[in-house]
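Data block for entry.cif (mmCIF, N, CA and C atoms):
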```
data_coords
loop_
_atom_site.group_PDB
_atom_site.id
_atom_site.type_symbol
_atom_site.label_atom_id
_atom_site.label_comp_id
_atom_site.auth_asym_id
_atom_site.auth_seq_id
_atom_site.Cartn_x
_atom_site.Cartn_y
_atom_site.Cartn_z
ATOM 1 N N MET A 28 68.762 71.582 71.235
ATOM 2 C CA MET A 28 69.446 70.324 71.249
ATOM 3 C C MET A 28 68.624 69.331 70.427
ATOM 4 N N ALA A 29 69.275 68.587 69.569
ATOM 5 C CA ALA A 29 68.582 67.617 68.716
ATOM 6 C C ALA A 29 69.162 66.231 68.953
ATOM 7 N N ASN A 30 68.278 65.245 68.977
ATOM 8 C CA ASN A 30 68.771 63.883 69.171
ATOM 9 C C ASN A 30 69.307 63.324 67.859
ATOM 10 N N ARG A 31 69.935 62.170 67.935
ATOM 11 C CA ARG A 31 70.614 61.587 66.776
ATOM 12 C C ARG A 31 69.673 61.282 65.622
ATOM 13 N N PHE A 32 68.379 61.157 65.913
ATOM 14 C CA PHE A 32 67.414 60.859 64.856
ATOM 15 C C PHE A 32 67.040 62.107 64.050
ATOM 16 N N GLN A 33 67.176 63.280 64.642
ATOM 17 C CA GLN A 33 66.806 64.537 63.981
ATOM 18 C C GLN A 33 68.008 65.322 63.453
ATOM 19 N N VAL A 34 69.194 65.009 63.939
ATOM 20 C CA VAL A 34 70.383 65.809 63.634
ATOM 21 C C VAL A 34 70.649 65.948 62.141
ATOM 22 N N ASN A 35 70.673 64.863 61.399
ATOM 23 C CA ASN A 35 71.008 64.957 59.975
ATOM 24 C C ASN A 35 70.010 65.818 59.209
ATOM 25 N N TYR A 36 68.741 65.705 59.541
ATOM 26 C CA TYR A 36 67.739 66.526 58.868
ATOM 27 C C TYR A 36 67.959 68.006 59.189
ATOM 28 N N ILE A 37 68.198 68.313 60.454
ATOM 29 C CA ILE A 37 68.385 69.712 60.862
ATOM 30 C C ILE A 37 69.684 70.274 60.287
ATOM 31 N N LYS A 38 70.698 69.448 60.154
ATOM 32 C CA LYS A 38 71.954 69.910 59.537
ATOM 33 C C LYS A 38 71.747 70.247 58.062
ATOM 34 N N THR A 39 70.982 69.432 57.349
ATOM 35 C CA THR A 39 70.815 69.649 55.908
ATOM 36 C C THR A 39 69.668 70.591 55.566
ATOM 37 N N LYS A 40 68.727 70.748 56.465
ATOM 38 C CA LYS A 40 67.594 71.657 56.278
ATOM 39 C C LYS A 40 67.524 72.583 57.505
ATOM 40 N N PRO A 41 68.422 73.564 57.581
ATOM 41 C CA PRO A 41 68.478 74.435 58.767
ATOM 42 C C PRO A 41 67.132 75.099 59.059
ATOM 43 N N ILE A 42 66.865 75.261 60.329
ATOM 44 C CA ILE A 42 65.642 75.928 60.782
ATOM 45 C C ILE A 42 65.677 77.405 60.401
ATOM 46 N N HIS A 43 66.880 77.991 60.390
ATOM 47 C CA HIS A 43 67.047 79.415 60.074
ATOM 48 C C HIS A 43 68.461 79.614 59.524
ATOM 49 N N ALA A 44 68.650 80.658 58.739
ATOM 50 C CA ALA A 44 69.957 80.947 58.141
ATOM 51 C C ALA A 44 71.035 81.204 59.191
ATOM 52 N N SER A 45 70.655 81.638 60.378
ATOM 53 C CA SER A 45 71.626 81.921 61.442
ATOM 54 C C SER A 45 72.040 80.672 62.218
ATOM 55 N N GLN A 46 71.471 79.529 61.880
ATOM 56 C CA GLN A 46 71.732 78.292 62.626
ATOM 57 C C GLN A 46 73.206 77.912 62.575
ATOM 58 N N GLN A 47 73.751 77.560 63.747
ATOM 59 C CA GLN A 47 75.127 77.097 63.837
ATOM 60 C C GLN A 47 75.191 75.892 64.764
ATOM 61 N N LEU A 48 76.014 74.936 64.418
ATOM 62 C CA LEU A 48 76.262 73.779 65.261
ATOM 63 C C LEU A 48 77.287 74.196 66.308
ATOM 64 N N ILE A 49 76.946 74.060 67.594
ATOM 65 C CA ILE A 49 77.888 74.480 68.631
ATOM 66 C C ILE A 49 78.441 73.325 69.448
ATOM 67 N N ASP A 50 77.789 72.153 69.398
ATOM 68 C CA ASP A 50 78.295 71.002 70.138
ATOM 69 C C ASP A 50 77.764 69.722 69.517
ATOM 70 N N GLU A 51 78.633 68.727 69.421
ATOM 71 C CA GLU A 51 78.227 67.431 68.878
ATOM 72 C C GLU A 51 78.769 66.342 69.792
ATOM 73 N N ASN A 52 77.889 65.515 70.334
ATOM 74 C CA ASN A 52 78.275 64.434 71.219
ATOM 75 C C ASN A 52 78.550 63.197 70.369
ATOM 76 N N SER A 53 79.810 62.805 70.284
ATOM 77 C CA SER A 53 80.185 61.680 69.421
ATOM 78 C C SER A 53 79.670 60.341 69.951
ATOM 79 N N GLU A 54 79.401 60.248 71.236
ATOM 80 C CA GLU A 54 78.901 58.999 71.815
ATOM 81 C C GLU A 54 77.415 58.784 71.532
ATOM 82 N N THR A 55 76.604 59.833 71.704
ATOM 83 C CA THR A 55 75.151 59.698 71.551
ATOM 84 C C THR A 55 74.651 60.151 70.186
ATOM 85 N N GLY A 56 75.432 60.978 69.488
ATOM 86 C CA GLY A 56 75.003 61.523 68.209
ATOM 87 C C GLY A 56 74.153 62.771 68.345
ATOM 88 N N ASP A 57 73.882 63.206 69.586
ATOM 89 C CA ASP A 57 73.104 64.418 69.825
ATOM 90 C C ASP A 57 73.926 65.656 69.463
ATOM 91 N N CYS A 58 73.245 66.713 69.040
ATOM 92 C CA CYS A 58 73.906 67.976 68.702
ATOM 93 C C CYS A 58 73.156 69.138 69.327
ATOM 94 N N THR A 59 73.903 70.188 69.594
ATOM 95 C CA THR A 59 73.315 71.437 70.079
ATOM 96 C C THR A 59 73.552 72.499 69.017
ATOM 97 N N PHE A 60 72.464 73.183 68.667
ATOM 98 C CA PHE A 60 72.507 74.245 67.671
ATOM 99 C C PHE A 60 72.135 75.561 68.332
ATOM 100 N N THR A 61 72.548 76.652 67.712
ATOM 101 C CA THR A 61 72.113 77.971 68.131
ATOM 102 C C THR A 61 71.527 78.686 66.917
ATOM 103 N N THR A 62 70.532 79.528 67.170
ATOM 104 C CA THR A 62 69.965 80.381 66.127
ATOM 105 C C THR A 62 69.726 81.764 66.713
ATOM 106 N N ASN A 63 69.718 82.750 65.872
ATOM 107 C CA ASN A 63 69.429 84.110 66.292
ATOM 108 C C ASN A 63 68.099 84.493 65.644
ATOM 109 N N VAL A 64 67.008 84.248 66.367
ATOM 110 C CA VAL A 64 65.662 84.434 65.821
ATOM 111 C C VAL A 64 64.757 85.139 66.820
ATOM 112 N N CYS A 65 63.658 85.663 66.313
ATOM 113 C CA CYS A 65 62.600 86.201 67.157
ATOM 114 C C CYS A 65 61.585 85.092 67.389
ATOM 115 N N LEU A 66 61.170 84.946 68.618
ATOM 116 C CA LEU A 66 60.185 83.921 68.932
ATOM 117 C C LEU A 66 58.832 84.295 68.358
ATOM 118 N N ASN A 67 58.213 83.335 67.672
ATOM 119 C CA ASN A 67 56.859 83.516 67.172
ATOM 120 C C ASN A 67 56.217 82.140 67.042
ATOM 121 N N TYR A 68 54.949 82.103 66.746
ATOM 122 C CA TYR A 68 54.244 80.828 66.701
ATOM 123 C C TYR A 68 54.656 79.961 65.511
ATOM 124 N N GLU A 69 55.121 80.562 64.432
ATOM 125 C CA GLU A 69 55.616 79.773 63.298
ATOM 126 C C GLU A 69 56.863 78.987 63.711
ATOM 127 N N LEU A 70 57.804 79.656 64.379
ATOM 128 C CA LEU A 70 59.005 78.983 64.877
ATOM 129 C C LEU A 70 58.623 77.910 65.895
ATOM 130 N N TYR A 71 57.726 78.250 66.786
ATOM 131 C CA TYR A 71 57.249 77.298 67.791
ATOM 132 C C TYR A 71 56.677 76.046 67.106
ATOM 133 N N SER A 72 55.894 76.228 66.070
ATOM 134 C CA SER A 72 55.294 75.110 65.342
ATOM 135 C C SER A 72 56.362 74.235 64.679
ATOM 136 N N VAL A 73 57.373 74.866 64.090
ATOM 137 C CA VAL A 73 58.455 74.111 63.456
ATOM 138 C C VAL A 73 59.178 73.264 64.499
ATOM 139 N N LEU A 74 59.518 73.869 65.626
ATOM 140 C CA LEU A 74 60.218 73.134 66.676
ATOM 141 C C LEU A 74 59.367 72.000 67.238
ATOM 142 N N MET A 75 58.084 72.262 67.421
ATOM 143 C CA MET A 75 57.193 71.232 67.955
ATOM 144 C C MET A 75 57.000 70.081 66.968
ATOM 145 N N SER A 76 57.193 70.338 65.679
ATOM 146 C CA SER A 76 57.020 69.281 64.686
ATOM 147 C C SER A 76 58.076 68.178 64.827
ATOM 148 N N TYR A 77 59.167 68.465 65.505
ATOM 149 C CA TYR A 77 60.207 67.477 65.741
ATOM 150 C C TYR A 77 59.894 66.578 66.936
ATOM 151 N N GLY A 78 58.829 66.872 67.659
ATOM 152 C CA GLY A 78 58.432 66.049 68.810
ATOM 153 C C GLY A 78 59.517 65.991 69.861
ATOM 154 N N ASN A 79 59.731 64.793 70.404
ATOM 155 C CA ASN A 79 60.736 64.609 71.448
ATOM 156 C C ASN A 79 62.160 64.636 70.905
ATOM 157 N N GLY A 80 62.311 64.795 69.599
ATOM 158 C CA GLY A 80 63.636 64.801 68.992
ATOM 159 C C GLY A 80 64.397 66.099 69.165
ATOM 160 N N VAL A 81 63.714 67.140 69.631
ATOM 161 C CA VAL A 81 64.339 68.447 69.822
ATOM 162 C C VAL A 81 63.958 68.992 71.188
ATOM 163 N N LYS A 82 64.927 69.583 71.856
ATOM 164 C CA LYS A 82 64.678 70.222 73.149
ATOM 165 C C LYS A 82 65.177 71.659 73.067
ATOM 166 N N VAL A 83 64.310 72.619 73.408
ATOM 167 C CA VAL A 83 64.709 74.027 73.448
ATOM 168 C C VAL A 83 65.374 74.259 74.800
ATOM 169 N N VAL A 84 66.635 74.647 74.762
ATOM 170 C CA VAL A 84 67.400 74.839 75.989
ATOM 171 C C VAL A 84 67.256 76.268 76.506
ATOM 172 N N SER A 85 67.188 77.220 75.587
ATOM 173 C CA SER A 85 67.096 78.623 75.984
ATOM 174 C C SER A 85 66.358 79.385 74.895
ATOM 175 N N PRO A 86 65.499 80.306 75.192
ATOM 176 C CA PRO A 86 65.056 80.693 76.538
ATOM 177 C C PRO A 86 64.131 79.634 77.121
ATOM 178 N N ARG A 87 64.219 79.464 78.404
ATOM 179 C CA ARG A 87 63.481 78.407 79.097
ATOM 180 C C ARG A 87 61.968 78.620 79.074
ATOM 181 N N ASN A 88 61.512 79.842 79.071
ATOM 182 C CA ASN A 88 60.066 80.107 79.120
ATOM 183 C C ASN A 88 59.495 80.473 77.759
ATOM 184 N N ALA A 89 60.079 79.975 76.706
ATOM 185 C CA ALA A 89 59.651 80.302 75.348
ATOM 186 C C ALA A 89 58.208 79.849 75.095
ATOM 187 N N MET A 90 57.386 80.775 74.622
ATOM 188 C CA MET A 90 56.045 80.514 74.125
ATOM 189 C C MET A 90 55.125 79.830 75.143
ATOM 190 N N GLN A 91 55.278 80.138 76.395
ATOM 191 C CA GLN A 91 54.376 79.567 77.389
ATOM 192 C C GLN A 91 53.191 80.453 77.609
#
```

Just give me the structure as structure tokens.
Amino acid sequence: MANRFQVNYIKTKPIHASQQLIDENSETGDCTFTTNVCLNYELYSVLMSYGNGVKVVSPRNAMQ
């Protein structure tokens, strides 16, 4: 899930080729994306670079 401040960047610079937009909240501007990827520290680093602007919804115990 990406907040309205990160959405446009993530839409134009996808995290992965499998990325798809699955939900867009017209009131808040937040979007939910899905990707089909293997978890690794490079992906973890990319996601963490967005700070509070991105929330990983699933899997819940990713990279702990």

**Request:** Can you work out the spacing between atom C of Cys58 (chain A) and CA of Asn79 (chain A) in Å, to one decimal?
**Result:** 13.4 Å

**Request:** Translate the PyMOL selection byres ((chain A and resi 47) around 6), as applied to the file shown, into an explicit residue set as a list in words.
**Result:**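 Selected by the PyMOL selection byres ((chain A and resi 47) around 6) here: Ser45, Gln46, Leu48, Ile49, Thr59, Phe60, Thr61 and Thr62 of chain A.
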
**Request:** Output the residue selection produced by the PyMOL selection byres (((chain A and resi 63-78 and name CA) around 10) and name CA) on the file above, formatted as a PyMOL selection string.
**Result:** chain A and resi 29-30+32-33+37+42-47+61-62+79-83+86+89-90

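Here atom N of Asn35 (chain A) stands at a distance of 11.9 Å from atom N of Glu51 (chain A).
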
**Request:** Identify, with DSSP run on backbone atoms, the residues in region 53-86 of chain A assigned to alpha helix (DSSP H), and express the list as a PyMOL selection string.
**Result:** chain A and resi 68-75

**Prompt:** Expressed in Å to a single decimal, how great is the separation between atom C of Gly56 (chain A) and atom N of Val34 (chain A)?
**Reply:** 7.0 Å

**Request:** Using DSSP on the backbone coordinates, identify all residues within chain A classified as strand (DSSP E); present the result as number ranges by chain.
**Result:** A: 47-51, 58-61

Edge lengths and centre in Å, axis-aligned, region 33-45 of chain A plus 4 Å each side, as JSON:
```
{"center_x": 68.8, "center_y": 72.6, "center_z": 60.1, "size_x": 14.4, "size_y": 26.6, "size_z": 17.1}
```
